[in-house]
file input19.cif (mmCIF, C-alpha atoms)
data_upload
#
loop_
_atom_site.label_atom_id
_atom_site.label_comp_id
_atom_site.auth_asym_id
_atom_site.auth_seq_id
_atom_site.Cartn_x
_atom_site.Cartn_y
_atom_site.Cartn_z
CA MET E 1 8.83 -30.72 2.18
CA ALA E 2 6.83 -30.46 5.41
CA THR E 3 6.92 -33.51 7.70
CA THR E 4 4.06 -34.39 10.03
CA VAL E 5 5.48 -34.92 13.52
CA PHE E 6 2.24 -35.06 15.48
CA GLU E 7 -1.13 -36.34 14.36
CA ARG E 8 -4.33 -37.87 15.66
CA THR E 9 -4.04 -41.48 16.73
CA GLU E 10 -6.36 -44.01 15.13
CA SER E 11 -8.08 -44.68 18.46
CA THR E 12 -8.87 -40.99 18.98
CA ALA E 13 -12.17 -39.67 17.61
CA THR E 14 -12.72 -36.24 16.07
CA ALA E 15 -14.91 -34.51 18.63
CA ASN E 16 -15.06 -31.18 20.41
CA THR E 17 -14.24 -31.56 24.08
CA HIS E 18 -16.80 -30.98 26.83
CA TYR E 19 -14.09 -30.75 29.50
CA CYS E 20 -13.32 -27.44 31.20
CA PRO E 21 -10.31 -25.37 30.09
CA GLY E 22 -7.17 -26.68 31.77
CA CYS E 23 -8.67 -30.06 32.64
CA THR E 24 -6.19 -32.88 32.03
CA HIS E 25 -8.73 -35.56 31.11
CA GLY E 26 -7.95 -34.91 27.46
CA ILE E 27 -4.25 -35.60 28.01
CA ILE E 28 -5.06 -38.92 29.67
CA HIS E 29 -7.49 -39.83 26.88
CA ARG E 30 -4.71 -39.27 24.37
CA MET E 31 -2.36 -41.56 26.31
CA VAL E 32 -4.93 -44.35 26.47
CA ALA E 33 -5.55 -44.07 22.72
CA GLU E 34 -1.85 -43.97 21.87
CA SER E 35 -1.18 -47.05 24.00
CA LEU E 36 -3.94 -49.05 22.31
CA ASP E 37 -2.59 -48.10 18.86
CA GLU E 38 1.04 -48.78 19.69
CA LEU E 39 0.21 -52.22 21.10
CA GLY E 40 -2.12 -53.09 18.24
CA LEU E 41 -5.08 -53.59 20.59
CA ARG E 42 -7.62 -51.15 19.16
CA ASP E 43 -9.75 -53.69 17.31
CA ARG E 44 -10.50 -55.71 20.44
CA ALA E 45 -10.60 -52.94 23.04
CA VAL E 46 -13.76 -52.07 24.96
CA GLY E 47 -13.92 -49.14 27.38
CA ILE E 48 -16.34 -48.70 30.26
CA ALA E 49 -17.51 -45.12 30.82
CA PRO E 50 -18.64 -44.21 34.36
CA VAL E 51 -20.74 -41.47 35.90
CA GLY E 52 -18.73 -38.31 36.43
CA CYS E 53 -16.78 -35.83 34.30
CA SER E 54 -15.79 -38.68 31.96
CA VAL E 55 -19.38 -39.88 31.49
CA LEU E 56 -19.03 -38.93 27.80
CA ALA E 57 -15.62 -40.57 27.35
CA TYR E 58 -17.02 -42.72 24.56
CA ASN E 59 -17.19 -39.61 22.35
CA TYR E 60 -13.41 -39.36 22.26
CA PHE E 61 -12.39 -42.87 21.23
CA THR E 62 -12.96 -45.00 18.15
CA VAL E 63 -13.22 -48.21 20.18
CA ASP E 64 -16.35 -49.83 21.55
CA PHE E 65 -17.69 -48.47 24.84
CA GLN E 66 -20.33 -49.39 27.37
CA GLU E 67 -21.86 -47.10 30.00
CA ALA E 68 -21.91 -48.24 33.62
CA ALA E 69 -24.11 -47.18 36.50
CA HIS E 70 -22.38 -44.95 39.05
CA GLY E 71 -19.44 -46.80 40.58
CA ARG E 72 -20.20 -50.11 38.87
CA ALA E 73 -17.65 -49.96 36.04
CA PRO E 74 -15.43 -52.73 37.50
CA ALA E 75 -18.45 -55.01 37.84
CA LEU E 76 -19.48 -54.39 34.23
CA ALA E 77 -15.88 -54.86 33.08
CA THR E 78 -15.70 -58.15 35.01
CA GLY E 79 -18.76 -59.55 33.28
CA LEU E 80 -17.53 -58.46 29.86
CA LYS E 81 -14.00 -59.84 30.32
CA ARG E 82 -15.21 -63.17 31.69
CA THR E 83 -17.71 -63.55 28.86
CA ARG E 84 -15.27 -62.45 26.14
CA PRO E 85 -11.76 -63.05 27.56
CA GLU E 86 -10.11 -62.19 24.23
CA LEU E 87 -11.23 -58.55 24.60
CA ILE E 88 -9.06 -55.81 26.10
CA VAL E 89 -11.36 -54.25 28.70
CA PHE E 90 -10.64 -51.01 30.55
CA THR E 91 -12.55 -48.70 32.85
CA TYR E 92 -11.93 -44.95 33.01
CA GLN E 93 -13.13 -43.60 36.36
CA GLY E 94 -12.96 -40.51 38.55
CA ASP E 95 -12.47 -40.41 42.29
CA GLY E 96 -16.12 -39.81 43.17
CA ASP E 97 -17.17 -42.74 40.99
CA LEU E 98 -14.45 -45.21 41.98
CA ALA E 99 -13.52 -44.24 45.53
CA SER E 100 -16.98 -43.40 46.88
CA ILE E 101 -20.00 -45.23 45.51
CA GLY E 102 -17.74 -47.73 43.72
CA THR E 103 -15.42 -48.63 46.61
CA ALA E 104 -16.73 -52.18 46.97
CA GLU E 105 -16.56 -52.84 43.24
CA ILE E 106 -12.93 -51.80 42.86
CA VAL E 107 -11.74 -53.62 45.97
CA HIS E 108 -13.38 -56.91 45.04
CA ALA E 109 -12.41 -56.73 41.36
CA ALA E 110 -8.79 -56.26 42.43
CA ASN E 111 -9.03 -58.97 45.07
CA ARG E 112 -10.40 -61.44 42.51
CA GLY E 113 -7.58 -60.52 40.14
CA GLU E 114 -9.87 -59.67 37.25
CA LYS E 115 -7.77 -59.29 34.09
CA ILE E 116 -8.88 -55.72 33.36
CA CYS E 117 -7.27 -52.27 33.32
CA VAL E 118 -8.61 -49.49 35.54
CA PHE E 119 -7.55 -45.90 34.89
CA PHE E 120 -8.41 -43.93 38.01
CA VAL E 121 -8.35 -40.14 37.65
CA ASN E 122 -7.90 -38.45 41.03
CA ASN E 123 -8.52 -34.70 41.16
CA ALA E 124 -9.46 -34.58 44.87
CA ILE E 125 -13.00 -33.34 44.29
CA TYR E 126 -16.35 -34.14 42.70
CA GLY E 127 -16.04 -32.46 39.31
CA MET E 128 -19.24 -32.97 37.32
CA THR E 129 -21.70 -32.35 40.15
CA GLY E 130 -20.33 -29.03 41.37
CA GLY E 131 -17.20 -29.44 43.46
CA GLN E 132 -18.35 -31.33 46.55
CA LEU E 133 -16.16 -33.11 49.10
CA ALA E 134 -14.84 -36.39 47.67
CA PRO E 135 -13.19 -39.37 49.39
CA THR E 136 -9.90 -38.03 48.00
CA THR E 137 -10.36 -34.39 49.09
CA LEU E 138 -7.29 -33.31 51.09
CA PRO E 139 -7.31 -32.26 54.75
CA ARG E 140 -8.51 -28.64 55.09
CA GLN E 141 -9.30 -28.47 51.36
CA VAL E 142 -12.27 -26.20 50.71
CA THR E 143 -15.16 -27.58 48.63
CA THR E 144 -18.81 -26.63 48.22
CA THR E 145 -19.76 -29.06 50.99
CA SER E 146 -16.74 -28.33 53.19
CA PRO E 147 -16.55 -24.51 53.10
CA ALA E 148 -14.33 -24.51 56.19
CA GLY E 149 -12.07 -27.19 54.71
CA ARG E 150 -12.09 -30.97 55.15
CA ASP E 151 -12.30 -31.81 58.85
CA VAL E 152 -10.65 -35.21 59.23
CA ASP E 153 -12.07 -35.61 62.74
CA ASP E 154 -15.54 -35.37 61.25
CA VAL E 155 -15.31 -37.13 57.87
CA GLY E 156 -12.05 -39.08 58.10
CA HIS E 157 -8.84 -38.85 56.15
CA PRO E 158 -8.57 -38.88 52.34
CA LEU E 159 -8.66 -42.38 50.90
CA ARG E 160 -5.42 -43.61 49.33
CA VAL E 161 -6.79 -46.11 46.83
CA ALA E 162 -3.49 -47.35 45.37
CA GLU E 163 -2.02 -48.08 48.80
CA MET E 164 -5.20 -49.86 49.88
CA LEU E 165 -5.31 -52.14 46.83
CA ALA E 166 -1.59 -52.85 47.08
CA THR E 167 -2.18 -54.62 50.41
CA LEU E 168 -4.25 -57.34 48.72
CA ALA E 169 -2.58 -60.74 48.36
CA THR E 170 -3.74 -61.15 44.76
CA PRO E 171 -1.01 -60.31 42.21
CA GLY E 172 -1.57 -57.08 40.35
CA TYR E 173 -0.12 -53.93 38.85
CA ILE E 174 -0.81 -50.92 41.09
CA VAL E 175 0.83 -47.58 40.37
CA ARG E 176 0.22 -43.87 40.95
CA THR E 177 1.41 -41.25 38.50
CA ALA E 178 0.38 -37.74 37.40
CA VAL E 179 -0.02 -35.46 34.37
CA HIS E 180 0.69 -31.98 35.70
CA THR E 181 4.20 -31.75 34.20
CA PRO E 182 5.73 -33.07 30.96
CA ALA E 183 8.01 -35.44 32.89
CA TYR E 184 5.07 -36.97 34.72
CA MET E 185 3.13 -37.20 31.46
CA VAL E 186 5.88 -39.37 30.00
CA GLN E 187 5.76 -41.58 33.07
CA ALA E 188 1.96 -41.79 32.99
CA LYS E 189 1.99 -42.93 29.36
CA GLN E 190 4.46 -45.68 30.23
CA CYS E 191 2.26 -46.85 33.10
CA ILE E 192 -0.90 -46.91 30.97
CA LYS E 193 0.85 -48.83 28.22
CA ARG E 194 2.29 -51.32 30.71
CA ALA E 195 -1.18 -51.96 32.15
CA PHE E 196 -2.54 -52.77 28.68
CA GLN E 197 0.48 -55.00 28.01
CA TYR E 198 -0.15 -57.01 31.18
CA GLN E 199 -3.75 -57.55 30.15
CA ALA E 200 -2.77 -58.57 26.62
CA GLU E 201 -0.46 -61.16 28.19
CA GLY E 202 -3.22 -62.36 30.52
CA ARG E 203 -1.11 -61.45 33.54
CA CYS E 204 -3.10 -59.54 36.15
CA PHE E 205 -5.48 -56.83 37.32
CA SER E 206 -4.07 -53.32 36.78
CA LEU E 207 -4.93 -49.98 38.35
CA VAL E 208 -3.19 -46.80 37.23
CA GLU E 209 -4.08 -43.89 39.52
CA ILE E 210 -3.44 -40.55 37.83
CA LEU E 211 -3.31 -37.25 39.71
CA SER E 212 -5.20 -34.70 37.64
CA THR E 213 -6.31 -31.07 37.80
CA CYS E 214 -9.74 -29.49 38.23
CA PRO E 215 -9.19 -25.74 37.72
CA THR E 216 -12.92 -24.94 37.65
CA ASN E 217 -13.85 -26.47 40.98
CA TRP E 218 -10.57 -25.55 42.62
CA GLY E 219 -11.16 -21.93 41.58
CA LEU E 220 -7.73 -21.66 39.97
CA GLN E 221 -6.24 -20.79 36.61
CA PRO E 222 -4.89 -23.83 34.72
CA THR E 223 -1.25 -22.98 35.44
CA GLU E 224 -2.10 -22.45 39.11
CA ALA E 225 -3.87 -25.80 39.16
CA THR E 226 -0.81 -27.69 37.95
CA ALA E 227 1.24 -26.04 40.70
CA TRP E 228 -1.48 -26.99 43.22
CA VAL E 229 -1.09 -30.65 42.29
CA GLU E 230 2.65 -30.50 42.94
CA GLN E 231 2.37 -28.53 46.17
CA ASN E 232 -0.63 -30.25 47.73
CA MET E 233 -1.52 -33.57 46.11
CA VAL E 234 1.91 -35.09 45.48
CA PRO E 235 3.01 -34.85 49.15
CA TYR E 236 -0.09 -36.79 50.23
CA TYR E 237 -0.54 -39.07 47.22
CA THR E 238 2.94 -40.46 46.69
CA ILE E 239 3.96 -40.99 43.07
CA LYS E 240 5.05 -44.61 43.20
CA GLU E 241 4.83 -48.07 41.70
CA PHE E 242 3.30 -50.06 44.54
CA LYS E 243 2.93 -53.47 43.00
CA ARG E 244 3.88 -55.43 39.90
CA PRO E 245 3.26 -59.11 39.16
CA GLU E 246 7.05 -59.63 38.94
CA MET E 247 7.29 -58.56 42.60
CA GLU E 248 5.05 -61.36 43.80
CA GLY E 249 6.84 -64.20 45.53
#
call {"tool": "encode", "arguments": {"input": "input19.cif", "output": "structure tokens"}}
result
Amino acid sequence: MATTVFERTESTATANTHYCPGCTHGIIHRMVAESLDELGLRDRAVGIAPVGCSVLAYNYFTVDFQEAAHGRAPALATGLKRTRPELIVFTYQGDGDLASIGTAEIVHAANRGEKICVFFVNNAIYGMTGGQLAPTTLPRQVTTTSPAGRDVDDVGHPLRVAEMLATLATPGYIVRTAVHTPAYMVQAKQCIKRAFQYQAEGRCFSLVEILSTCPTNWGLQPTEATAWVEQNMVPYYTIKEFKRPEMEG
């Protein structure tokens, strides 16, 4: 008799993906859905969709979602969580959304210690709008608006969001992981689940930064894109747990 060893999670919707071939957003979506199911949080979870590649994230989950203006997902999540503290509220944001127009929102939400989860997908480029220079674009990385590569003397160095938020005095869970290899995928799932667990316990603000691929705008095949993450992103964006509430004195 055949045994089912892999099936759709209850929190995952049946929908055709709009993401490009090789994009790892779908993998991260699956991890978020699995974590909600495994922790029994689906019925009170609310996601906040941003502006960016994941603007249609609500199509892929069977939990409630709200749409936020560009960069304002943490502000919307704050209002929702404070109004309905029993809810499990999470934002799902890209680097252009969170680290550019939404910089103030993420910094102040973390500094206030809002009891929300933020899943921050960093692919070092603006994905949805055509591959422009992002705050996370690496030095000398070519984009449509930096055809000669990122000039740090002109536009500054890439922004390390996890390190920046980890300097705040407010207790929190701040970690960076990745999904370009199976081993990192296992780690990423653990981090996402831990963030939800902290919120369920009313512990702290959580940000899980996830290094992701963008084969289309990088001009690479999917397998080349995963290698590019390892060779170029990981050396600059250290895979590390920066802060946990247990570490606070």
call {"tool": "closest_residue", "arguments": {"input": "input19.cif", "among": "E:Thr170, E:Gln197, E:Gln132, E:Asn111", "to": "Asp37 (chain E)", "atoms": "all atoms listed in the file"}}
result
E:Gln197
call {"tool": "atom_distance", "arguments": {"input": "input19.cif", "atom1": "CA of Pro215 (chain E)", "atom2": "CA of Leu159 (chain E)"}}
result
21.2 Å
call {"tool": "closest_residue", "arguments": {"input": "input19.cif", "among": "E:Thr12, E:Ser100, E:Gln93, E:Asn232", "to": "Tyr60 (chain E)", "atoms": "only C-alpha atoms"}}
result
E:Thr12
call {"tool": "closest_residue", "arguments": {"input": "input19.cif", "among": "E:Thr103, E:Ser11, E:Gln187, E:Asn16", "to": "Gly47 (chain E)", "atoms": "only C-alpha atoms"}}
result
E:Ser11
call {"tool": "atom_distance", "arguments": {"input": "input19.cif", "atom1": "CA of Ser146 (chain E)", "atom2": "CA of Gly131 (chain E)"}}
result
9.8 Å
call {"tool": "atom_distance", "arguments": {"input": "input19.cif", "atom1": "CA of Cys53 (chain E)", "atom2": "CA of Pro147 (chain E)"}}
result
21.9 Å
call {"tool": "resolve_selection", "arguments": {"input": "input19.cif", "expression": "the PyMOL selection byres ((chain E and resi 18-33) around 7)", "output": "MDAnalysis selection string"}}
result
chainID E and resid 9 11:12 16:17 34:37 189 192 212:216 222
